[in-house]
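Below: one structure, written as structure tokens.
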Amino acid sequence: MKNSLLILVTALLLASCASKSSFNSFYEENKEECEFSISSPALIANLFIPKEDVGEYKALFKKVKHYKVMIFSDASTSLDRKFERFIKQRKYETIFSINQHGDKVQLYFLQHKNAIREIVLKIKSDNDFVVLGLKTNILESDFNKIIENSDNRISGN
């Protein structure tokens, strides 16, 4: 009986640790340094997102399970390097990167098998640094369809 209980407790602990997202680790490690941070289940956050702002990306937002937002002011280069190291270590893939007039926008995703599990958006200007993490479960093919049907075009140099 004790062995069964021990196995059950161990399995529950492993399952709870495995369910944490990669971005969650960056969020937990750095939330004390940021000016503002919020973590919200999609069910609650979607109530505050205007439907007209979502528009053609409605199918993508339906697949989001959780939002995490971090806003840093007077962001240092060490924080930027820490974020870039995190992205490389966790093997995120870059969807796009735009650098214009000193402002930089980068979109990353973390894929497992054929599903995109996390999308991370980084916006960095001279003084501010904003990171948005989305926990999702969207198939890569569905994500590609959403991007292809978008009025906004992403093109590389």
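By order in the structure tokens, chains are A, B, ...; within a chain, residues start at 1; ligands start at 1, following the order shown.
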
*Could you give me, as a PyMOL selection string, the residues within 8 Å of Ile138 of chain A, counting only C-alpha atoms and dropping anything in the same chain fewer than 3 positions from it?*
chain A and resi 60+63+115-117+142-143

*asked:* Give me, as number ranges by chain, all polymer residues having an atom no more than 12 Å from Gln100 of chain A, counting only C-alpha atoms and skipping those fewer than 5 positions away in the same chain.
replied: A: 105-106, 123-126

*asked:* List the spatial neighbours of Val131 of chain A as a PyMOL selection string - criterion: any atom at most 12 Å away, only C-alpha atoms, same-chain residues fewer than 3 positions off excluded.
replied: chain A and resi 23-24+26-27+30-31+34-39+67-73+75+79-80+83-84+104-108+119-125+128+134

*Where in chain A does DSSP assign strand (DSSP E or B), given as a PyMOL selection string?*
chain A and resi 36-41+64-73+93-100+103-112+115-124+128-139

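For the choices A:Thr136, A:Asn99, A:Asn114, A:Ser78, the atom-to-atom distance to Glu33 of chain A is smallest for A:Ser78 when using only C-alpha atoms.
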
_Picked from segment 76-123 of chain A by DSSP as helix (DSSP H, G or I), as a PyMOL selection string_ = chain A and resi 77-89

*Near Tyr57 of chain A, counting only C-alpha atoms, which residues have an atom at most 12 Å away, once you skip same-chain residues fewer than 3 positions from it, shown as a list of chain:residue names?*
A:Lys51, A:Glu52, A:Asp53, A:Val54, A:Leu60, A:Phe61, A:Lys62, A:Lys63, A:Val64, A:Asp142, A:Phe143, A:Asn144, A:Lys145, A:Ile146, A:Ile147, A:Glu148, A:Asn149, A:Ser150, A:Asp151, A:Asn152

Grab the residues selected above and save them as a PDB file, in the first residue's frame with C-alpha atoms.
ATOM      1  CA  LYS A  51     -12.893  41.299 -30.724  1.00  0.00           C
ATOM      2  CA  GLU A  52     -12.276  43.853 -33.499  1.00  0.00           C
ATOM      3  CA  ASP A  53      -8.559  43.872 -32.611  1.00  0.00           C
ATOM      4  CA  VAL A  54      -8.314  40.109 -33.010  1.00  0.00           C
ATOM      5  CA  LEU A  60      -5.108  31.611 -33.339  1.00  0.00           C
ATOM      6  CA  PHE A  61      -6.477  33.266 -30.192  1.00  0.00           C
ATOM      7  CA  LYS A  62      -8.951  30.412 -29.771  1.00  0.00           C
ATOM      8  CA  LYS A  63      -5.984  28.050 -29.389  1.00  0.00           C
ATOM      9  CA  VAL A  64      -4.219  30.125 -26.718  1.00  0.00           C
ATOM     10  CA  ASP A 142      -3.296  25.504 -38.829  1.00  0.00           C
ATOM     11  CA  PHE A 143      -0.811  28.220 -37.876  1.00  0.00           C
ATOM     12  CA  ASN A 144       0.454  28.383 -41.474  1.00  0.00           C
ATOM     13  CA  LYS A 145      -3.113  28.720 -42.769  1.00  0.00           C
ATOM     14  CA  ILE A 146      -3.774  31.617 -40.385  1.00  0.00           C
ATOM     15  CA  ILE A 147      -0.607  33.397 -41.536  1.00  0.00           C
ATOM     16  CA  GLU A 148      -1.340  32.732 -45.229  1.00  0.00           C
ATOM     17  CA  ASN A 149      -4.888  34.106 -44.881  1.00  0.00           C
ATOM     18  CA  SER A 150      -3.651  37.205 -43.078  1.00  0.00           C
ATOM     19  CA  ASP A 151      -3.836  40.616 -44.736  1.00  0.00           C
ATOM     20  CA  ASN A 152      -0.459  41.421 -43.161  1.00  0.00           C
TER      21      ASN A 152
END

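Our summary of the geometry notes that atom CA of His66 of chain A is positioned 18.9 Å from atom CA of Ile87 of chain A.
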
*Report the distance between atom CA of Lys113 of chain A and atom CA of Ala42 of chain A in Å, rounded to one decimal place.*
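Between atom CA of Lys113 of chain A and atom CA of Ala42 of chain A the gap is 23.1 Å.
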